[in-house]
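A short worksheet on the structure shown next.
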Amino acid sequence: MSLRVMSPAVLNAWSQTLVRAMSTQGGAKNIGFVGLGNMGANMASNLIKAGHKLHVFDISKPACDGLAAKGATVYSKTSELAQNSDFVITMLPNNAIVDASYDEMTADGVNKNTIFIDSSTISPDLVKSLQKKISAKGARFIDAPVSGGVPGAEQATLTFMVGGTEAEYNAVKAVLECMGKKITHCGVYGMGQAAKLCNNMMLAISMIGVSEAMNLAVRQGLDANIFAEIINSSTGRCWSSEIYNPVPGVCPTAPANRDYAGGFSTALITKDLGLASGVANSSNSPIPLGSLAHKVYQSLCEKGLGNKDFSVVYDLMKKEKFSV
């Protein structure tokens with residue numbers, strides 16, 4: 001088929017396939033993946049599609065079974081998983097779980113050729129601590145948190161923010177390209193997390209802003225879809241309005257259409273905002289809107305909505321039950 005007559009959709013799919021094929025040059029790698037949640041399961045699946053050999057672990061049996069059905073090997077011990085992997089990627093909920101997981105995974109020593117890649121959202125200080133701990137054992141560790149949400153994980157279009165040396169960035173880039181389209185070297189250890197926390201703070205603020213504006217428009221009598229079209233062709237356009245709109249019926253794939261199930265949980269955005277507040281305090285940086293967003297999402301968690309997608313903030317505004 002000539003490239004000139006390919007539709008944009010077909011050309012894009014062909015290009016993604018080519019990128020993934022190129023990323024496996026030199027042979028398939030043994031890749032360990034720990035944490036098969038909404039993001040991790042899709043990321044691991046894309047590594048399998050790219051031809052890599054996956055070694056996986058999660059406390060959820062159904063999550064492991066889903067990857068096993070695609071060809072992954074399931075482990076009951078992360079230490080054994082790590083010993084059999086060229087790269088180990090972790091995608092876990094918070095500082096405490098990440099720290100404990102690495103202690104367990106490296107307790108029996110490490111393969112000195114293994115590169116550990118943490119794609120969770122954790123504090124930059126924990127990154128630096130883990131890097132020292134793992135490098136002392138003889139292996140390498142970098143931070144590479146992601147942005148793009150579940151849609152980006154499904155479509156292998158995530159953005160990776162990498163903290164580590166230039167050599168380490170080059171060593172992991174091909175693997176990360178199987179799961180994302182933008183792989184950026186942010187600087188030294190912890191700088192990937194620094195970028196991620198700033199991004200997620202802005203995401204939380206923008207979601208609250210979009211929810212307020214959409215609710216105000218609807219209450220004045222505007223049709224939600226018409227107003228969303230206006231926003232997305234005007235200066236208010238952002239990811240929260242265009243890709244992840246919090247109003248049911250506006251974006252077909254958004255969690256708003258599934259009663260805010262799945263996606264990026266309110267509990268996790270609250271955790272990320274807490275981390276952002278911590279680094280803001282340590283760097284003496286004012287974050288008035290970030291602090292207010294943190295209070296808003298803490299309030300949602302207190303109302304029992306921690307497991308709902310963070311766009312549920314619109315639903316609370318709509319029902320006139322929300323207060324800070």
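A note on labels: chains of the structure tokens are A, B, ... as shown, every chain counts residues from 1, and ligands are counted from 1 in their shown order.
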Margin query: Excluding Leu158 in chain A and its own-chain neighbours fewer than 4 positions away, which residues fall within 6 Å of it when counting only C-alpha atoms? Please give them as number ranges by chain.
Written below: A: 147-148, 152-153, 180-181
Next item on the list: Write out as a ChimeraX atom specification each polymer residue whose atoms come within 10 Å of Met317 in chain A, counting only C-alpha atoms; drop sequence neighbours fewer than 2 positions from it.
Entry: /A:208,211-212,214-216,312-315,319-323
Margin query: Please return, as a PyMOL selection string, all residues of range 34-160 of chain A that DSSP assigns to strand (DSSP E) on the basis of the backbone.
Written below: chain A and resi 34+53-57+73-74+87-90+115-118+140-143+146-147+158-160
Generate a file of the selected residues that holds N, CA, C and O atoms, formatted as a short mmCIF file (atom, residue, chain, number, x, y, z; two decimals), in the first residue's frame.
data_model
loop_
_atom_site.label_atom_id
_atom_site.label_comp_id
_atom_site.auth_asym_id
_atom_site.auth_seq_id
_atom_site.Cartn_x
_atom_site.Cartn_y
_atom_site.Cartn_z
N VAL A 34 5.82 -4.74 38.10
CA VAL A 34 5.19 -4.88 39.41
C VAL A 34 4.14 -3.79 39.57
O VAL A 34 4.47 -2.59 39.59
N LYS A 53 9.48 -10.16 26.71
CA LYS A 53 9.06 -11.25 27.60
C LYS A 53 8.74 -10.64 28.96
O LYS A 53 9.62 -10.10 29.62
N LEU A 54 7.48 -10.77 29.39
CA LEU A 54 7.04 -10.11 30.61
C LEU A 54 7.00 -11.06 31.80
O LEU A 54 6.53 -12.18 31.71
N HIS A 55 7.51 -10.54 32.92
CA HIS A 55 7.48 -11.23 34.21
C HIS A 55 6.70 -10.31 35.15
O HIS A 55 7.13 -9.17 35.39
N VAL A 56 5.57 -10.74 35.66
CA VAL A 56 4.69 -9.81 36.35
C VAL A 56 4.35 -10.24 37.77
O VAL A 56 4.39 -11.42 38.13
N PHE A 57 3.99 -9.22 38.57
CA PHE A 57 3.52 -9.46 39.93
C PHE A 57 2.48 -8.42 40.29
O PHE A 57 2.62 -7.23 39.96
N THR A 73 4.64 -14.26 32.36
CA THR A 73 4.92 -15.21 33.44
C THR A 73 4.62 -14.53 34.77
O THR A 73 5.11 -13.43 35.03
N VAL A 74 3.80 -15.17 35.60
CA VAL A 74 3.39 -14.60 36.88
C VAL A 74 4.30 -15.12 37.99
O VAL A 74 4.60 -16.31 38.05
N PHE A 87 15.11 -5.44 32.89
CA PHE A 87 14.52 -4.20 33.39
C PHE A 87 13.38 -4.57 34.32
O PHE A 87 12.68 -5.55 34.09
N VAL A 88 13.19 -3.79 35.37
CA VAL A 88 12.04 -3.97 36.25
C VAL A 88 11.32 -2.63 36.35
O VAL A 88 11.92 -1.62 36.72
N ILE A 89 10.04 -2.63 36.00
CA ILE A 89 9.22 -1.42 36.06
C ILE A 89 8.23 -1.57 37.21
O ILE A 89 7.55 -2.59 37.32
N THR A 90 8.15 -0.55 38.06
CA THR A 90 7.18 -0.56 39.15
C THR A 90 6.17 0.55 38.93
O THR A 90 6.53 1.68 38.57
N ILE A 115 18.18 -2.80 35.35
CA ILE A 115 17.84 -1.40 35.59
C ILE A 115 16.42 -1.36 36.15
O ILE A 115 15.48 -1.86 35.53
N PHE A 116 16.27 -0.78 37.33
CA PHE A 116 14.97 -0.62 37.96
C PHE A 116 14.40 0.74 37.57
O PHE A 116 15.08 1.76 37.67
N ILE A 117 13.14 0.73 37.12
CA ILE A 117 12.48 1.95 36.64
C ILE A 117 11.20 2.13 37.45
O ILE A 117 10.26 1.32 37.33
N ASP A 118 11.14 3.18 38.25
CA ASP A 118 9.89 3.41 38.99
C ASP A 118 9.04 4.44 38.26
O ASP A 118 9.46 5.58 38.06
N ARG A 140 21.12 -0.48 38.90
CA ARG A 140 20.78 0.91 38.59
C ARG A 140 19.30 1.16 38.84
O ARG A 140 18.47 0.29 38.64
N PHE A 141 18.97 2.41 39.22
CA PHE A 141 17.59 2.80 39.49
C PHE A 141 17.35 4.21 38.95
O PHE A 141 18.18 5.10 39.15
N ILE A 142 16.23 4.40 38.25
CA ILE A 142 15.84 5.73 37.78
C ILE A 142 14.36 5.96 38.08
O ILE A 142 13.60 5.01 38.28
N ASP A 143 13.96 7.21 38.09
CA ASP A 143 12.53 7.52 38.18
C ASP A 143 12.04 7.89 36.78
O ASP A 143 12.72 8.59 36.03
N VAL A 146 4.78 8.88 34.71
CA VAL A 146 4.10 9.04 33.43
C VAL A 146 2.94 10.02 33.54
O VAL A 146 2.39 10.27 34.61
N SER A 147 2.54 10.54 32.39
CA SER A 147 1.32 11.32 32.27
C SER A 147 0.60 10.87 31.01
O SER A 147 1.23 10.41 30.06
N LEU A 158 1.77 7.49 26.27
CA LEU A 158 2.13 8.17 27.51
C LEU A 158 3.33 9.10 27.33
O LEU A 158 4.15 8.92 26.42
N THR A 159 3.43 10.07 28.21
CA THR A 159 4.64 10.88 28.35
C THR A 159 5.41 10.36 29.56
O THR A 159 4.84 10.20 30.63
N PHE A 160 6.70 10.07 29.37
CA PHE A 160 7.57 9.63 30.47
C PHE A 160 8.52 10.77 30.83
O PHE A 160 9.13 11.37 29.94
#
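Nearest residue to Gln131 in chain A among A:Gly164, A:Pro145, A:Gly109, A:Gly236 is A:Gly164, counting only C-alpha atoms.
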What's the 10 Å shell around Gln193 in chain A, counting only C-alpha atoms, without same-chain residues fewer than 4 positions away, as a PDB file with N, CA, C and O atoms, in the first residue's frame?
ATOM      1  N   ASP A 118      11.135   3.180  38.254  1.00  0.00           N
ATOM      2  CA  ASP A 118       9.888   3.412  38.989  1.00  0.00           C
ATOM      3  C   ASP A 118       9.042   4.438  38.259  1.00  0.00           C
ATOM      4  O   ASP A 118       9.461   5.580  38.063  1.00  0.00           O
ATOM      5  N   SER A 119       7.831   4.016  37.860  1.00  0.00           N
ATOM      6  CA  SER A 119       6.901   4.901  37.155  1.00  0.00           C
ATOM      7  C   SER A 119       5.733   5.318  38.038  1.00  0.00           C
ATOM      8  O   SER A 119       4.752   5.883  37.549  1.00  0.00           O
ATOM      9  N   SER A 120       5.823   5.015  39.332  1.00  0.00           N
ATOM     10  CA  SER A 120       4.821   5.486  40.288  1.00  0.00           C
ATOM     11  C   SER A 120       4.976   6.994  40.451  1.00  0.00           C
ATOM     12  O   SER A 120       5.900   7.605  39.918  1.00  0.00           O
ATOM     13  N   THR A 121       4.059   7.604  41.189  1.00  0.00           N
ATOM     14  CA  THR A 121       4.226   9.007  41.564  1.00  0.00           C
ATOM     15  C   THR A 121       4.579   9.041  43.046  1.00  0.00           C
ATOM     16  O   THR A 121       3.741   8.735  43.898  1.00  0.00           O
ATOM     17  N   ILE A 122       5.840   9.379  43.328  1.00  0.00           N
ATOM     18  CA  ILE A 122       6.351   9.371  44.704  1.00  0.00           C
ATOM     19  C   ILE A 122       7.158  10.659  44.931  1.00  0.00           C
ATOM     20  O   ILE A 122       7.330  11.467  44.018  1.00  0.00           O
ATOM     21  N   SER A 123       7.658  10.822  46.142  1.00  0.00           N
ATOM     22  CA  SER A 123       8.417  12.037  46.437  1.00  0.00           C
ATOM     23  C   SER A 123       9.817  11.964  45.835  1.00  0.00           C
ATOM     24  O   SER A 123      10.431  10.885  45.772  1.00  0.00           O
ATOM     25  N   PRO A 124      10.355  13.107  45.392  1.00  0.00           N
ATOM     26  CA  PRO A 124      11.740  13.124  44.902  1.00  0.00           C
ATOM     27  C   PRO A 124      12.737  12.617  45.942  1.00  0.00           C
ATOM     28  O   PRO A 124      13.743  11.989  45.595  1.00  0.00           O
ATOM     29  N   ASP A 125      12.464  12.862  47.219  1.00  0.00           N
ATOM     30  CA  ASP A 125      13.377  12.395  48.266  1.00  0.00           C
ATOM     31  C   ASP A 125      13.430  10.870  48.323  1.00  0.00           C
ATOM     32  O   ASP A 125      14.503  10.284  48.528  1.00  0.00           O
ATOM     33  N   LEU A 126      12.286  10.224  48.145  1.00  0.00           N
ATOM     34  CA  LEU A 126      12.282   8.759  48.138  1.00  0.00           C
ATOM     35  C   LEU A 126      13.045   8.229  46.928  1.00  0.00           C
ATOM     36  O   LEU A 126      13.759   7.226  47.021  1.00  0.00           O
ATOM     37  N   VAL A 127      12.902   8.893  45.788  1.00  0.00           N
ATOM     38  CA  VAL A 127      13.673   8.501  44.597  1.00  0.00           C
ATOM     39  C   VAL A 127      15.163   8.483  44.910  1.00  0.00           C
ATOM     40  O   VAL A 127      15.875   7.519  44.617  1.00  0.00           O
ATOM     41  N   ASP A 143      13.960   7.205  38.094  1.00  0.00           N
ATOM     42  CA  ASP A 143      12.529   7.520  38.176  1.00  0.00           C
ATOM     43  C   ASP A 143      12.036   7.887  36.783  1.00  0.00           C
ATOM     44  O   ASP A 143      12.716   8.590  36.032  1.00  0.00           O
ATOM     45  N   ALA A 144      10.843   7.381  36.441  1.00  0.00           N
ATOM     46  CA  ALA A 144      10.249   7.655  35.136  1.00  0.00           C
ATOM     47  C   ALA A 144       8.732   7.673  35.257  1.00  0.00           C
ATOM     48  O   ALA A 144       8.031   6.841  34.681  1.00  0.00           O
ATOM     49  N   PRO A 145       8.181   8.626  36.025  1.00  0.00           N
ATOM     50  CA  PRO A 145       6.734   8.715  36.139  1.00  0.00           C
ATOM     51  C   PRO A 145       6.095   9.085  34.807  1.00  0.00           C
ATOM     52  O   PRO A 145       6.791   9.545  33.888  1.00  0.00           O
ATOM     53  N   VAL A 146       4.783   8.877  34.713  1.00  0.00           N
ATOM     54  CA  VAL A 146       4.096   9.044  33.434  1.00  0.00           C
ATOM     55  C   VAL A 146       2.939  10.018  33.544  1.00  0.00           C
ATOM     56  O   VAL A 146       2.394  10.270  34.610  1.00  0.00           O
ATOM     57  N   MET A 161       8.636  11.024  32.121  1.00  0.00           N
ATOM     58  CA  MET A 161       9.537  12.059  32.643  1.00  0.00           C
ATOM     59  C   MET A 161      10.656  11.349  33.399  1.00  0.00           C
ATOM     60  O   MET A 161      10.426  10.792  34.474  1.00  0.00           O
ATOM     61  N   VAL A 162      11.851  11.346  32.835  1.00  0.00           N
ATOM     62  CA  VAL A 162      12.932  10.490  33.328  1.00  0.00           C
ATOM     63  C   VAL A 162      13.957  11.280  34.141  1.00  0.00           C
ATOM     64  O   VAL A 162      14.447  12.322  33.706  1.00  0.00           O
ATOM     65  N   GLY A 163      14.265  10.734  35.323  1.00  0.00           N
ATOM     66  CA  GLY A 163      15.320  11.292  36.153  1.00  0.00           C
ATOM     67  C   GLY A 163      16.452  10.286  36.274  1.00  0.00           C
ATOM     68  O   GLY A 163      16.244   9.159  36.708  1.00  0.00           O
ATOM     69  N   CYS A 186      14.587  14.634  32.189  1.00  0.00           N
ATOM     70  CA  CYS A 186      14.342  15.830  32.992  1.00  0.00           C
ATOM     71  C   CYS A 186      15.551  16.285  33.793  1.00  0.00           C
ATOM     72  O   CYS A 186      15.561  17.405  34.322  1.00  0.00           O
ATOM     73  N   TYR A 189      18.439  12.299  39.283  1.00  0.00           N
ATOM     74  CA  TYR A 189      17.472  11.489  40.017  1.00  0.00           C
ATOM     75  C   TYR A 189      16.490  12.384  40.789  1.00  0.00           C
ATOM     76  O   TYR A 189      16.893  13.303  41.491  1.00  0.00           O
ATOM     77  N   LEU A 197       4.915  15.905  39.700  1.00  0.00           N
ATOM     78  CA  LEU A 197       4.119  16.521  40.758  1.00  0.00           C
ATOM     79  C   LEU A 197       3.599  17.887  40.329  1.00  0.00           C
ATOM     80  O   LEU A 197       2.441  18.236  40.618  1.00  0.00           O
ATOM     81  N   CYS A 198       4.425  18.649  39.628  1.00  0.00           N
ATOM     82  CA  CYS A 198       3.965  19.952  39.121  1.00  0.00           C
ATOM     83  C   CYS A 198       2.854  19.759  38.094  1.00  0.00           C
ATOM     84  O   CYS A 198       1.843  20.482  38.098  1.00  0.00           O
ATOM     85  N   ASN A 199       3.020  18.778  37.216  1.00  0.00           N
ATOM     86  CA  ASN A 199       1.992  18.501  36.210  1.00  0.00           C
ATOM     87  C   ASN A 199       0.680  18.084  36.854  1.00  0.00           C
ATOM     88  O   ASN A 199      -0.402  18.554  36.473  1.00  0.00           O
ATOM     89  N   LEU A 275       1.954  15.406  48.121  1.00  0.00           N
ATOM     90  CA  LEU A 275       3.381  15.397  47.806  1.00  0.00           C
ATOM     91  C   LEU A 275       3.824  16.748  47.244  1.00  0.00           C
ATOM     92  O   LEU A 275       4.902  17.259  47.582  1.00  0.00           O
ATOM     93  N   ALA A 276       2.983  17.329  46.385  1.00  0.00           N
ATOM     94  CA  ALA A 276       3.302  18.643  45.819  1.00  0.00           C
ATOM     95  C   ALA A 276       3.378  19.698  46.925  1.00  0.00           C
ATOM     96  O   ALA A 276       4.257  20.568  46.910  1.00  0.00           O
TER      97      ALA A 276
END
Write out, as a Markdown table, each residue of range 235-282 of chain A that has an atom at most 9 Å from range 93-101 of chain A, together with the closest pair of atoms and their distance in Å to one decimal, counting only C-alpha atoms, rows going by chain and rising number.
| residue | atom | partner | partner_atom | distance |
| --- | --- | --- | --- | --- |
| A:Leu268 | CA | A:Pro93 | CA | 7.2 |
| A:Lys271 | CA | A:Asn94 | CA | 7.6 |
| A:Asp272 | CA | A:Asn94 | CA | 8.8 |
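Atom pair CA of His294 in chain A / CA of Ala261 in chain A has a distance of 20.8 Å (rounded to one decimal).
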Per-residue DSSP, range 216-275 of chain A, filtered to alpha helix (DSSP H), as a short mmCIF file (atom, residue, chain, number, x, y, z; two decimals) with N, CA and C atoms, in the first residue's frame:
data_model
loop_
_atom_site.label_atom_id
_atom_site.label_comp_id
_atom_site.auth_asym_id
_atom_site.auth_seq_id
_atom_site.Cartn_x
_atom_site.Cartn_y
_atom_site.Cartn_z
N LEU A 216 -21.51 25.92 35.88
CA LEU A 216 -22.07 27.27 35.77
C LEU A 216 -22.80 27.45 34.44
N ALA A 217 -22.20 26.95 33.35
CA ALA A 217 -22.81 27.06 32.03
C ALA A 217 -24.14 26.31 31.96
N VAL A 218 -24.15 25.08 32.48
CA VAL A 218 -25.37 24.26 32.44
C VAL A 218 -26.46 24.90 33.29
N ARG A 219 -26.11 25.44 34.44
CA ARG A 219 -27.12 26.05 35.30
C ARG A 219 -27.72 27.31 34.69
N ALA A 224 -24.50 21.28 27.56
CA ALA A 224 -23.13 20.91 27.95
C ALA A 224 -22.25 20.63 26.75
N ASN A 225 -22.77 19.93 25.75
CA ASN A 225 -21.97 19.60 24.56
C ASN A 225 -21.62 20.85 23.76
N ILE A 226 -22.57 21.77 23.65
CA ILE A 226 -22.30 23.00 22.91
C ILE A 226 -21.24 23.82 23.64
N PHE A 227 -21.36 23.93 24.96
CA PHE A 227 -20.37 24.70 25.70
C PHE A 227 -18.99 24.04 25.64
N ALA A 228 -18.96 22.70 25.68
CA ALA A 228 -17.67 22.01 25.57
C ALA A 228 -17.01 22.29 24.22
N GLU A 229 -17.82 22.33 23.17
CA GLU A 229 -17.28 22.66 21.84
C GLU A 229 -16.68 24.07 21.84
N ILE A 230 -17.36 24.98 22.51
CA ILE A 230 -16.86 26.36 22.59
C ILE A 230 -15.53 26.41 23.34
N ILE A 231 -15.48 25.77 24.51
CA ILE A 231 -14.23 25.74 25.29
C ILE A 231 -13.09 25.18 24.44
N TRP A 239 -6.71 19.57 28.60
CA TRP A 239 -6.93 18.12 28.59
C TRP A 239 -8.20 17.75 29.33
N SER A 240 -8.45 18.42 30.46
CA SER A 240 -9.63 18.11 31.27
C SER A 240 -10.93 18.46 30.55
N SER A 241 -10.89 19.44 29.66
CA SER A 241 -12.10 19.81 28.92
C SER A 241 -12.29 19.00 27.65
N GLU A 242 -11.18 18.68 26.99
CA GLU A 242 -11.26 18.07 25.66
C GLU A 242 -11.23 16.54 25.68
N THR A 266 -9.66 9.64 42.90
CA THR A 266 -9.62 10.82 43.77
C THR A 266 -8.58 10.65 44.87
N ALA A 267 -8.46 9.43 45.38
CA ALA A 267 -7.47 9.17 46.44
C ALA A 267 -6.05 9.41 45.93
N LEU A 268 -5.77 9.03 44.68
CA LEU A 268 -4.42 9.20 44.15
C LEU A 268 -4.10 10.66 43.84
N ILE A 269 -5.06 11.41 43.28
CA ILE A 269 -4.77 12.82 43.03
C ILE A 269 -4.58 13.56 44.35
N THR A 270 -5.32 13.14 45.39
CA THR A 270 -5.16 13.75 46.71
C THR A 270 -3.77 13.47 47.25
N LYS A 271 -3.31 12.23 47.07
CA LYS A 271 -1.96 11.86 47.50
C LYS A 271 -0.91 12.70 46.76
N ASP A 272 -1.08 12.86 45.45
CA ASP A 272 -0.12 13.62 44.66
C ASP A 272 -0.09 15.09 45.07
N LEU A 273 -1.27 15.64 45.38
CA LEU A 273 -1.33 17.03 45.83
C LEU A 273 -0.65 17.20 47.19
N GLY A 274 -0.74 16.17 48.03
CA GLY A 274 -0.02 16.21 49.30
C GLY A 274 1.48 16.21 49.09
N LEU A 275 1.95 15.41 48.12
CA LEU A 275 3.38 15.40 47.81
C LEU A 275 3.82 16.75 47.24
#
Check: Using only C-alpha atoms, which residues sit within 10 Å of Ser60 in chain A once same-chain residues fewer than 2 positions away are excluded, as a PyMOL selection string?
Finding: chain A and resi 35-37+57-58+62-65
